[in-house]
Amino acid sequence: MKIEVALYAALSQYLPKGSQGHKATMECADGATVGQVVDQLGIPKPRPTMILINGLQVDEDTPLKDGDLLALFPPLAGGRDPSLSTQRARQQGMIIDRLVSLTGLFAGGYGPWLGDPGSS
């Protein structure tokens, strides 16, 4: 079956070769779960912390269907790398705050942000 994957932030490096932007279409086994697709993409642990299928939050055990849009996000917060300078850590925090405000993750649905033409 074919699905579309959208990988955000640092996860975009795991998109299949030849992908443009942060999305790609890929083949996977019928009934594959999110976890199996994450493995197929070669994404290491820690796993993405926000997983969406067609704009709805799911977990790694959720099976995919042909034509689904799977969006994966890395952890958005939860500490800082001790090797980062205080200034760099502050910059990362501002980037995360801006991402949350731009996407409206905590003030509504995910559909409009992910480009779902059926939602507004």
# chains A, B, ... in the order shown; residues from 1 in each chain; ligands from 1
$ residues_around --residues "Gln40 in chain A" --least-positions-apart "6" --cutoff "12 Å" --atoms "only C-alpha atoms" --output "list of chain:residue names"
A:Val5, A:Tyr14, A:Leu15, A:Pro16, A:Met26, A:Glu27, A:Cys28, A:Ala29, A:Ala32, A:Thr33, A:Val34
$ write_last_selection --atoms "C-alpha atoms" --output "CSV table (one decimal), in the first residue's frame"
chain,number,residue,atom,x,y,z
A,5,VAL,CA,4.7,10.5,5.4
A,14,TYR,CA,15.0,10.1,7.5
A,15,LEU,CA,12.7,10.8,4.5
A,16,PRO,CA,13.4,8.4,1.6
A,26,MET,CA,6.2,5.5,0.3
A,27,GLU,CA,5.3,1.9,-0.1
A,28,CYS,CA,4.7,-0.3,3.0
A,29,ALA,CA,3.1,-3.7,3.7
A,32,ALA,CA,1.6,-2.0,8.6
A,33,THR,CA,1.6,-0.3,11.9
A,34,VAL,CA,3.0,3.2,12.6
$ residues_around --residues "Thr62 in chain A" --least-positions-apart "5" --cutoff "12 Å" --atoms "only C-alpha atoms" --output "compact mmCIF listing (two decimals) with N, CA and C atoms, in the first residue's frame"
# COMPACT_ATOMS: atom_id res chain seq x y z
N GLY A 31 -1.54 -3.21 6.04
CA GLY A 31 -1.77 -3.34 7.47
C GLY A 31 -0.59 -2.99 8.35
N ALA A 32 0.46 -2.41 7.77
CA ALA A 32 1.63 -2.03 8.57
C ALA A 32 1.21 -1.06 9.67
N THR A 33 1.86 -1.17 10.81
CA THR A 33 1.59 -0.25 11.92
C THR A 33 2.52 0.95 11.80
N VAL A 34 2.19 1.97 12.56
CA VAL A 34 3.04 3.16 12.61
C VAL A 34 4.46 2.75 13.02
N GLY A 35 4.59 1.91 14.03
CA GLY A 35 5.91 1.48 14.50
C GLY A 35 6.71 0.79 13.41
N GLN A 36 6.05 -0.02 12.60
CA GLN A 36 6.74 -0.70 11.51
C GLN A 36 7.23 0.29 10.45
N VAL A 37 6.44 1.31 10.18
CA VAL A 37 6.86 2.33 9.22
C VAL A 37 8.01 3.16 9.79
N VAL A 38 7.95 3.47 11.08
CA VAL A 38 9.05 4.20 11.73
C VAL A 38 10.34 3.38 11.61
N ILE A 51 2.50 11.54 17.06
CA ILE A 51 2.23 10.74 15.87
C ILE A 51 0.79 11.02 15.45
N LEU A 52 0.61 11.44 14.19
CA LEU A 52 -0.72 11.75 13.69
C LEU A 52 -0.98 10.94 12.43
N ILE A 53 -2.18 10.42 12.30
CA ILE A 53 -2.65 9.83 11.05
C ILE A 53 -3.85 10.66 10.62
N LEU A 56 -5.15 13.02 13.25
CA LEU A 56 -5.58 12.53 14.56
C LEU A 56 -4.43 11.85 15.28
N GLN A 57 -4.25 12.17 16.56
CA GLN A 57 -3.15 11.60 17.32
C GLN A 57 -3.39 10.12 17.58
N ASP A 68 -3.22 6.93 3.69
CA ASP A 68 -3.11 7.69 4.94
C ASP A 68 -1.95 8.67 4.87
N LEU A 70 0.74 10.05 7.39
CA LEU A 70 1.39 9.83 8.68
C LEU A 70 2.34 10.99 8.95
$ atom_distance --atom1 "CA of Lys23 in chain A" --atom2 "CA of Ile3 in chain A"
10.5 Å
$ closest_residue --among "A:Asp59, A:Asp30, A:Leu72, A:Gly21" --to "Leu7 in chain A" --atoms "only C-alpha atoms"
A:Leu72
